[in-house]
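The next block is run_11.cif, given as mmCIF, C-alpha atoms and all ligand atoms.
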data_start
loop_
_atom_site.label_atom_id
_atom_site.label_comp_id
_atom_site.auth_asym_id
_atom_site.auth_seq_id
_atom_site.Cartn_x
_atom_site.Cartn_y
_atom_site.Cartn_z
CA MET T 1 91.87 88.77 77.16
CA SER T 2 90.83 90.35 73.91
CA PRO T 3 89.12 93.75 74.34
CA ILE T 4 86.13 92.66 72.21
CA ASP T 5 83.81 90.07 73.71
CA GLN T 6 80.73 88.43 72.25
CA ALA T 7 78.33 90.71 74.15
CA THR T 8 79.97 93.78 72.57
CA LEU T 9 79.75 92.19 69.14
CA ASN T 10 76.10 91.27 69.66
CA ALA T 11 75.31 94.89 70.45
CA ASN T 12 77.62 96.32 67.82
CA PRO T 13 78.82 93.95 65.09
CA ALA T 14 82.30 94.08 63.61
CA PRO T 15 82.72 96.27 60.51
CA LYS T 16 81.59 94.34 57.43
CA HIS T 17 84.69 95.19 55.42
CA ILE T 18 88.13 96.02 56.86
CA ALA T 19 91.07 96.99 54.65
CA ILE T 20 94.64 97.17 55.93
CA ILE T 21 97.81 98.81 54.62
CA MET T 22 100.30 96.43 56.22
CA ASP T 23 103.32 98.73 56.50
CA GLY T 24 106.50 98.72 58.56
CA ASN T 25 108.08 95.30 57.93
CA GLY T 26 111.44 96.84 56.93
CA ARG T 27 111.64 99.12 59.95
CA TRP T 28 110.71 96.22 62.24
CA ALA T 29 113.64 94.21 60.89
CA LYS T 30 116.01 97.18 60.94
CA ALA T 31 115.29 97.82 64.62
CA ARG T 32 116.46 94.25 65.25
CA HIS T 33 119.51 94.49 62.98
CA MET T 34 117.97 91.85 60.76
CA PRO T 35 117.60 91.78 56.98
CA ARG T 36 114.31 93.15 55.60
CA ALA T 37 113.31 89.60 54.64
CA HIS T 38 112.81 88.78 58.33
CA GLY T 39 110.36 91.65 58.64
CA HIS T 40 108.37 90.38 55.66
CA GLN T 41 108.37 86.83 57.06
CA LYS T 42 107.19 88.03 60.46
CA GLY T 43 104.58 90.09 58.60
CA VAL T 44 103.13 86.91 57.09
CA GLN T 45 102.71 85.51 60.59
CA THR T 46 100.73 88.61 61.54
CA VAL T 47 98.56 88.10 58.45
CA ARG T 48 97.72 84.57 59.63
CA GLU T 49 96.67 85.84 63.08
CA ILE T 50 94.61 88.73 61.72
CA VAL T 51 92.82 86.56 59.14
CA LYS T 52 91.95 84.03 61.84
CA HIS T 53 90.71 86.74 64.17
CA CYS T 54 88.57 88.46 61.51
CA ALA T 55 86.93 85.14 60.68
CA LYS T 56 86.29 84.56 64.38
CA ILE T 57 84.64 87.91 65.10
CA GLY T 58 82.41 87.81 62.01
CA VAL T 59 84.07 90.28 59.63
CA ASP T 60 82.60 89.69 56.15
CA SER T 61 85.55 90.90 54.04
CA LEU T 62 89.19 91.66 54.75
CA THR T 63 91.32 93.34 52.08
CA LEU T 64 95.08 93.33 52.67
CA PHE T 65 97.61 95.48 50.77
CA ALA T 66 100.48 93.06 50.26
CA PHE T 67 102.37 94.68 47.37
CA SER T 68 101.69 98.00 45.64
CA SER T 69 102.25 98.71 41.95
CA GLU T 70 104.86 101.25 43.08
CA ASN T 71 106.69 98.59 45.15
CA MET T 72 108.06 97.38 41.79
CA LYS T 73 110.42 100.37 42.07
CA ARG T 74 112.29 98.64 44.91
CA SER T 75 115.59 96.82 44.35
CA SER T 76 115.37 93.67 42.25
CA GLU T 77 116.62 91.82 45.31
CA GLU T 78 113.68 92.92 47.47
CA VAL T 79 111.11 92.49 44.67
CA GLY T 80 112.45 88.97 44.03
CA LEU T 81 112.24 88.20 47.72
CA LEU T 82 108.65 89.41 47.95
CA PHE T 83 107.65 87.39 44.87
CA LYS T 84 109.26 84.30 46.40
CA LEU T 85 107.39 84.87 49.64
CA PHE T 86 104.12 85.24 47.71
CA LEU T 87 104.81 81.92 45.99
CA THR T 88 105.60 80.16 49.28
CA VAL T 89 102.50 81.58 50.96
CA LEU T 90 100.26 80.45 48.07
CA LYS T 91 101.75 76.95 48.29
CA GLN T 92 101.55 76.69 52.08
CA GLU T 93 98.36 78.48 53.01
CA THR T 94 95.77 77.56 50.37
CA LYS T 95 94.83 74.27 52.01
CA LYS T 96 94.62 75.86 55.46
CA LEU T 97 92.43 78.67 54.12
CA ASN T 98 90.17 76.06 52.57
CA ASN T 99 89.91 74.15 55.86
CA ASN T 100 88.79 77.41 57.45
CA ASN T 101 86.06 77.99 54.82
CA ILE T 102 87.80 81.18 53.63
CA CYS T 103 87.07 82.57 50.17
CA LEU T 104 90.08 84.12 48.41
CA LYS T 105 90.30 86.87 45.80
CA ILE T 106 93.52 88.36 44.50
CA ILE T 107 93.33 91.86 43.02
CA GLY T 108 95.95 93.78 41.06
CA ASP T 109 97.83 93.52 37.79
CA MET T 110 99.01 89.92 37.97
CA SER T 111 100.89 90.10 34.65
CA VAL T 112 104.17 91.02 36.41
CA PHE T 113 104.24 87.75 38.33
CA THR T 114 105.85 84.53 37.08
CA PRO T 115 103.60 82.02 35.31
CA GLU T 116 103.99 79.72 38.33
CA ILE T 117 102.65 82.38 40.72
CA GLN T 118 99.83 83.29 38.32
CA SER T 119 98.68 79.71 37.98
CA LEU T 120 98.93 79.00 41.73
CA ALA T 121 96.93 82.17 42.39
CA ASP T 122 94.26 81.14 39.85
CA ASP T 123 94.06 77.64 41.31
CA ALA T 124 93.79 78.96 44.87
CA GLU T 125 91.03 81.41 43.93
CA GLN T 126 89.13 78.68 42.16
CA LEU T 127 89.51 76.12 44.94
CA LEU T 128 88.32 78.59 47.58
CA SER T 129 85.63 80.27 45.51
CA HIS T 130 82.76 78.20 46.91
CA ASN T 131 83.65 78.82 50.55
CA THR T 132 81.14 80.79 52.57
CA GLY T 133 83.28 82.20 55.40
CA LEU T 134 85.47 85.32 55.44
CA ASN T 135 86.14 86.93 52.04
CA LEU T 136 89.90 87.44 52.03
CA VAL T 137 91.19 89.82 49.36
CA ILE T 138 94.92 90.12 48.72
CA ALA T 139 96.05 93.20 46.80
CA ALA T 140 99.21 92.27 44.87
CA ASN T 141 100.83 94.65 42.38
CA TYR T 142 97.74 96.70 43.08
CA GLY T 143 97.20 100.44 42.70
CA GLY T 144 93.99 102.34 43.32
CA GLN T 145 94.59 104.38 40.16
CA TRP T 146 95.20 101.19 38.15
CA ASP T 147 91.89 99.82 39.44
CA ILE T 148 89.91 102.83 38.20
CA ALA T 149 91.77 102.76 34.86
CA GLN T 150 91.11 99.03 34.31
CA ALA T 151 87.42 99.55 35.10
CA ALA T 152 87.29 102.40 32.56
CA LYS T 153 88.96 100.19 29.96
CA LYS T 154 86.42 97.38 30.50
CA ILE T 155 83.52 99.82 30.22
CA ALA T 156 85.00 101.26 27.01
CA LEU T 157 85.02 97.74 25.53
CA GLU T 158 81.37 97.22 26.56
CA VAL T 159 80.47 100.52 24.88
CA LEU T 160 82.34 99.45 21.71
CA GLY T 161 80.44 96.16 21.76
CA GLY T 162 77.14 98.03 22.08
CA ARG T 163 76.38 96.51 25.49
CA ILE T 164 76.56 99.76 27.47
CA ASN T 165 75.19 103.10 26.42
CA PRO T 166 77.58 105.96 27.40
CA SER T 167 74.64 107.79 28.97
CA ASP T 168 74.26 104.88 31.43
CA ILE T 169 77.80 105.25 32.81
CA ASP T 170 77.42 106.46 36.37
CA VAL T 171 78.88 105.67 39.81
CA ASP T 172 76.97 102.39 40.16
CA CYS T 173 78.04 101.30 36.68
CA LEU T 174 81.75 102.02 37.27
CA ASP T 175 81.52 100.39 40.69
CA LYS T 176 80.59 97.08 39.05
CA TYR T 177 83.89 97.00 37.13
CA THR T 178 86.22 97.78 40.03
CA SER T 179 88.15 94.99 41.75
CA LEU T 180 86.04 95.00 44.92
CA ALA T 181 82.67 94.87 43.09
CA ASN T 182 80.19 92.58 44.86
CA LEU T 183 81.81 93.04 48.28
CA PRO T 184 80.44 95.35 50.97
CA LYS T 185 81.87 98.89 50.97
CA VAL T 186 85.07 99.30 53.00
CA ASP T 187 83.95 100.42 56.47
CA LEU T 188 87.33 100.69 58.16
CA LEU T 189 90.76 101.33 56.65
CA ILE T 190 93.75 100.71 58.92
CA ARG T 191 97.37 101.68 58.24
CA THR T 192 100.20 100.54 60.45
CA SER T 193 103.71 102.02 60.87
CA GLY T 194 102.87 105.66 61.54
CA GLU T 195 102.65 106.84 57.93
CA VAL T 196 99.51 108.88 57.40
CA ARG T 197 98.83 108.36 53.69
CA ILE T 198 97.01 106.03 51.31
CA SER T 199 100.00 105.18 49.04
CA ASN T 200 97.70 104.41 46.08
CA PHE T 201 95.77 101.66 47.90
CA LEU T 202 92.00 101.64 47.49
CA LEU T 203 90.85 105.04 46.18
CA TRP T 204 87.39 104.45 44.70
CA ASP T 205 86.35 102.23 47.59
CA ILE T 206 87.27 104.39 50.55
CA ALA T 207 85.03 107.35 49.76
CA TYR T 208 83.31 106.99 53.15
CA SER T 209 85.60 104.60 55.02
CA GLU T 210 86.62 105.42 58.55
CA LEU T 211 90.41 105.74 58.81
CA PHE T 212 92.55 104.38 61.64
CA PHE T 213 96.28 105.02 61.79
CA THR T 214 98.61 103.36 64.28
CA LYS T 215 102.34 103.70 64.87
CA THR T 216 102.61 99.93 65.46
CA LEU T 217 104.77 98.25 62.81
CA TRP T 218 102.89 95.51 60.93
CA PRO T 219 104.86 92.56 62.40
CA ASP T 220 103.83 93.79 65.88
CA PHE T 221 100.16 94.35 64.99
CA SER T 222 97.92 91.99 66.94
CA PRO T 223 94.30 90.82 67.19
CA ASP T 224 94.03 92.94 70.36
CA GLU T 225 95.02 96.07 68.46
CA LEU T 226 92.55 95.19 65.71
CA ASP T 227 89.87 94.98 68.39
CA GLU T 228 90.94 98.42 69.63
CA ALA T 229 90.55 99.79 66.10
CA ILE T 230 87.09 98.21 65.89
CA LEU T 231 86.03 99.67 69.24
CA ASN T 232 87.27 103.04 68.01
CA PHE T 233 85.27 102.50 64.79
CA HIS T 234 82.16 101.81 66.87
CA SER T 235 82.51 105.25 68.45
CA ARG T 236 82.54 107.07 65.09
CA ASP T 237 79.51 109.02 63.95
CA ARG T 238 79.14 108.06 60.27
CA ARG T 239 76.99 110.60 58.49
CA PHE T 240 77.74 109.91 54.79
CA GLY T 241 77.17 113.56 54.01
CA ALA T 242 73.66 113.65 55.45
CA ARG T 243 72.44 115.30 58.65
CA LYS T 244 70.67 113.19 61.27
CA GLU T 245 67.93 115.80 61.60
CA ASP T 246 67.08 115.29 57.91
CA ALA T 247 66.76 111.51 58.10
C1 LIG T 301 105.38 96.80 54.03
O1 LIG T 301 106.57 96.99 54.69
C2 LIG T 301 105.45 95.63 53.06
C3 LIG T 301 105.54 96.05 51.66
C4 LIG T 301 105.44 97.26 51.20
C5 LIG T 301 105.76 94.99 50.68
P1 LIG T 301 107.75 97.86 54.10
O2 LIG T 301 108.65 96.96 53.32
O3 LIG T 301 107.23 99.02 53.34
O4 LIG T 301 108.46 98.33 55.42
P2 LIG T 301 109.01 99.78 55.77
O5 LIG T 301 107.94 100.77 55.46
O6 LIG T 301 110.23 99.98 54.92
O7 LIG T 301 109.34 99.72 57.21
C1 LIG T 302 102.33 100.71 51.05
O1 LIG T 302 103.52 100.81 51.75
C2 LIG T 302 102.28 99.40 50.33
C3 LIG T 302 102.08 98.24 51.16
C4 LIG T 302 101.96 98.20 52.45
C5 LIG T 302 101.97 96.99 50.45
P1 LIG T 302 104.81 101.51 51.15
O2 LIG T 302 105.88 101.31 52.14
O3 LIG T 302 105.06 101.02 49.78
O4 LIG T 302 104.35 103.03 51.06
P2 LIG T 302 105.19 104.38 51.04
O5 LIG T 302 106.28 104.21 50.03
O6 LIG T 302 105.73 104.59 52.41
O7 LIG T 302 104.18 105.42 50.67
MG MG T 303 106.70 100.88 53.86
#
Output the file's structure in the form of structure tokens.
Amino acid sequence: MSPIDQATLNANPAPKHIAIIMDGNGRWAKARHMPRAHGHQKGVQTVREIVKHCAKIGVDSLTLFAFSSENMKRSSEEVGLLFKLFLTVLKQETKKLNNNNICLKIIGDMSVFTPEIQSLADDAEQLLSHNTGLNLVIAANYGGQWDIAQAAKKIALEVLGGRINPSDIDVDCLDKYTSLANLPKVDLLIRTSGEVRISNFLLWDIAYSELFFTKTLWPDFSPDELDEAILNFHSRDRRFGARKEDA
């Protein structure tokens, strides 16, 4: 029995936006004397379960860190394997996501991927763009620093074109050019595998996110543990810099 039931959710809804650093696939495989590829494959299975669960409990947006810009530093063998897995997942899951009314957005510098992956990703985003259920965001070749830099570049072009006045550039303006513009702010950031760092995932967007770290390796992460993280989130006192007495 899942630790979150409908009565709990009625009293205290799920966070609007959850982001997850899905780490620990390699160590999961190593512990089983299996190649790293098995860990990544099992990790995809966990993604399926978590996406399904988030849709079920009414999460608005789920952003998953699938591949960081720095992961390109890994061996060509592992990078190739991860690209292949990305391709397979796009081919196999798009229809299922559509059947579940899920809207898909892929963020990151897609230029490193093969033309086949890029066009499948574009097609999937387009096909799912009218869906009204969970907003699923996949971060692929993504870096939080890259995101801020690409937003700055777009704003610079608007300034050059005379569409933005430099004096109008503020937090709200920059926010509109970041990859997660138009989605609710990230309420809860989860990282699996015991590492306690951000590893250049969302930087701009986690200014006031609640952080939850677990030692569980991603392939072992479950809907029950997600519920635990949400219950923990419910117990947090979010002040956003203000004091209750001043409200
Ligand atoms: C996370 O698992 C998946 C990616 C970074 C692509 P890792 O591959 O980082 O697994 P560990 O951290 O080596 O166990
Ligand atoms: C972060 O994990 C990236 C993803 C989960 C996709 P890493 O395994 O790349 O992070 P570090 O190297 O331990 O910081
Ligand atoms: Mg790792």
#### Entry: Pick from T:Ile102, T:Leu85, T:Leu174, T:Ile206, whichever lies nearest to Leu189 of chain T using all atoms listed in the file
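Ranked by minimum distance to Leu189 of chain T, first place goes to T:Ile206.
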### Message
As an exercise, work out the distance from atom CA of Val79 of chain T to atom C5 of ligand LIG 301 (chain T) in Å and give it to one decimal place.
### Response
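Between atom CA of Val79 of chain T and atom C5 of ligand LIG 301 (chain T) the gap works out to 8.4 Å.
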#### Entry: Top pick for closest residue to ligand LIG 301 (chain T), considering T:Phe67, T:Tyr208, T:Phe83, T:Phe233 and counting all atoms listed in the file
T:Phe67
### Contacts of ligand MG 303 (chain T), 8 Å or closer, all atoms listed in the file, given as a PyMOL selection string
chain T and resi 23-26+193
### Task
Can you pull out every residue within 12 Å of Lys84 of chain T, counting all atoms listed in the file, but drop anything in the same chain fewer than 4 positions away, and send it as a PyMOL selection string?
chain T and resi 37+40-41+76-80+88-91+113-114+116-117
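Taking atom CA of Lys52 of chain T and atom CA of Arg27 of chain T as endpoints, the distance between them is 24.9 Å.
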Any chance you could model all heavy atoms for segment 164-175 of chain T and send them as a CSV table (one decimal), in the frame of the given file?
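Now in selection.csv:
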chain,number,residue,atom,x,y,z
T,164,ILE,N,76.8,98.7,26.5
T,164,ILE,CA,76.6,99.8,27.5
T,164,ILE,C,76.4,101.0,26.7
T,164,ILE,O,77.2,101.3,25.7
T,164,ILE,CB,77.7,99.9,28.5
T,164,ILE,CG1,77.8,98.8,29.5
T,164,ILE,CG2,77.6,101.2,29.3
T,164,ILE,CD1,78.8,98.9,30.6
T,165,ASN,N,75.4,101.8,27.0
T,165,ASN,CA,75.2,103.1,26.4
T,165,ASN,C,76.0,104.1,27.3
T,165,ASN,O,75.8,104.2,28.5
T,165,ASN,CB,73.7,103.4,26.5
T,165,ASN,CG,73.3,104.6,25.6
T,165,ASN,OD1,74.1,105.5,25.6
T,165,ASN,ND2,72.2,104.5,25.0
T,166,PRO,N,76.8,105.0,26.6
T,166,PRO,CA,77.6,106.0,27.4
T,166,PRO,C,76.7,106.8,28.4
T,166,PRO,O,77.2,107.1,29.5
T,166,PRO,CB,78.2,106.9,26.3
T,166,PRO,CG,78.3,106.0,25.1
T,166,PRO,CD,77.1,105.1,25.2
T,167,SER,N,75.5,107.0,28.1
T,167,SER,CA,74.6,107.8,29.0
T,167,SER,C,74.3,107.0,30.2
T,167,SER,O,73.8,107.6,31.2
T,167,SER,CB,73.4,108.3,28.3
T,167,SER,OG,72.6,107.1,27.9
T,168,ASP,N,74.5,105.7,30.2
T,168,ASP,CA,74.3,104.9,31.4
T,168,ASP,C,75.5,104.8,32.4
T,168,ASP,O,75.4,104.1,33.4
T,168,ASP,CB,73.8,103.5,31.0
T,168,ASP,CG,72.4,103.5,30.4
T,168,ASP,OD1,71.7,104.4,30.7
T,168,ASP,OD2,72.2,102.6,29.5
T,169,ILE,N,76.6,105.4,32.0
T,169,ILE,CA,77.8,105.2,32.8
T,169,ILE,C,77.7,106.2,34.0
T,169,ILE,O,77.7,107.4,33.8
T,169,ILE,CB,79.1,105.5,32.0
T,169,ILE,CG1,79.2,104.5,30.9
T,169,ILE,CG2,80.3,105.5,32.9
T,169,ILE,CD1,80.3,104.9,29.9
T,170,ASP,N,77.5,105.6,35.2
T,170,ASP,CA,77.4,106.5,36.4
T,170,ASP,C,78.2,105.8,37.5
T,170,ASP,O,78.9,104.8,37.2
T,170,ASP,CB,75.9,106.7,36.8
T,170,ASP,CG,75.2,105.4,37.0
T,170,ASP,OD1,75.9,104.3,37.0
T,170,ASP,OD2,74.0,105.4,37.1
T,171,VAL,N,78.1,106.2,38.7
T,171,VAL,CA,78.9,105.7,39.8
T,171,VAL,C,78.6,104.2,40.0
T,171,VAL,O,79.5,103.4,40.1
T,171,VAL,CB,78.6,106.4,41.1
T,171,VAL,CG1,79.2,105.7,42.3
T,171,VAL,CG2,79.1,107.9,41.0
T,172,ASP,N,77.3,103.8,40.0
T,172,ASP,CA,77.0,102.4,40.2
T,172,ASP,C,77.5,101.5,39.0
T,172,ASP,O,78.0,100.4,39.3
T,172,ASP,CB,75.4,102.2,40.2
T,172,ASP,CG,74.9,102.7,41.5
T,172,ASP,OD1,75.6,102.9,42.5
T,172,ASP,OD2,73.7,103.0,41.6
T,173,CYS,N,77.5,102.1,37.8
T,173,CYS,CA,78.0,101.3,36.7
T,173,CYS,C,79.5,101.1,36.9
T,173,CYS,O,80.0,100.0,36.8
T,173,CYS,CB,77.7,102.1,35.4
T,173,CYS,SG,78.6,101.4,34.0
T,174,LEU,N,80.3,102.2,37.1
T,174,LEU,CA,81.8,102.0,37.3
T,174,LEU,C,82.1,101.1,38.4
T,174,LEU,O,83.0,100.3,38.4
T,174,LEU,CB,82.4,103.4,37.5
T,174,LEU,CG,83.8,103.4,37.0
T,174,LEU,CD1,84.2,104.7,36.2
T,174,LEU,CD2,84.8,103.3,38.2
T,175,ASP,N,81.3,101.2,39.5
T,175,ASP,CA,81.5,100.4,40.7
T,175,ASP,C,81.5,98.9,40.3
T,175,ASP,O,82.4,98.1,40.9
T,175,ASP,CB,80.4,100.7,41.7
T,175,ASP,CG,80.7,100.2,43.1
T,175,ASP,OD1,81.7,100.7,43.6
T,175,ASP,OD2,80.0,99.3,43.6
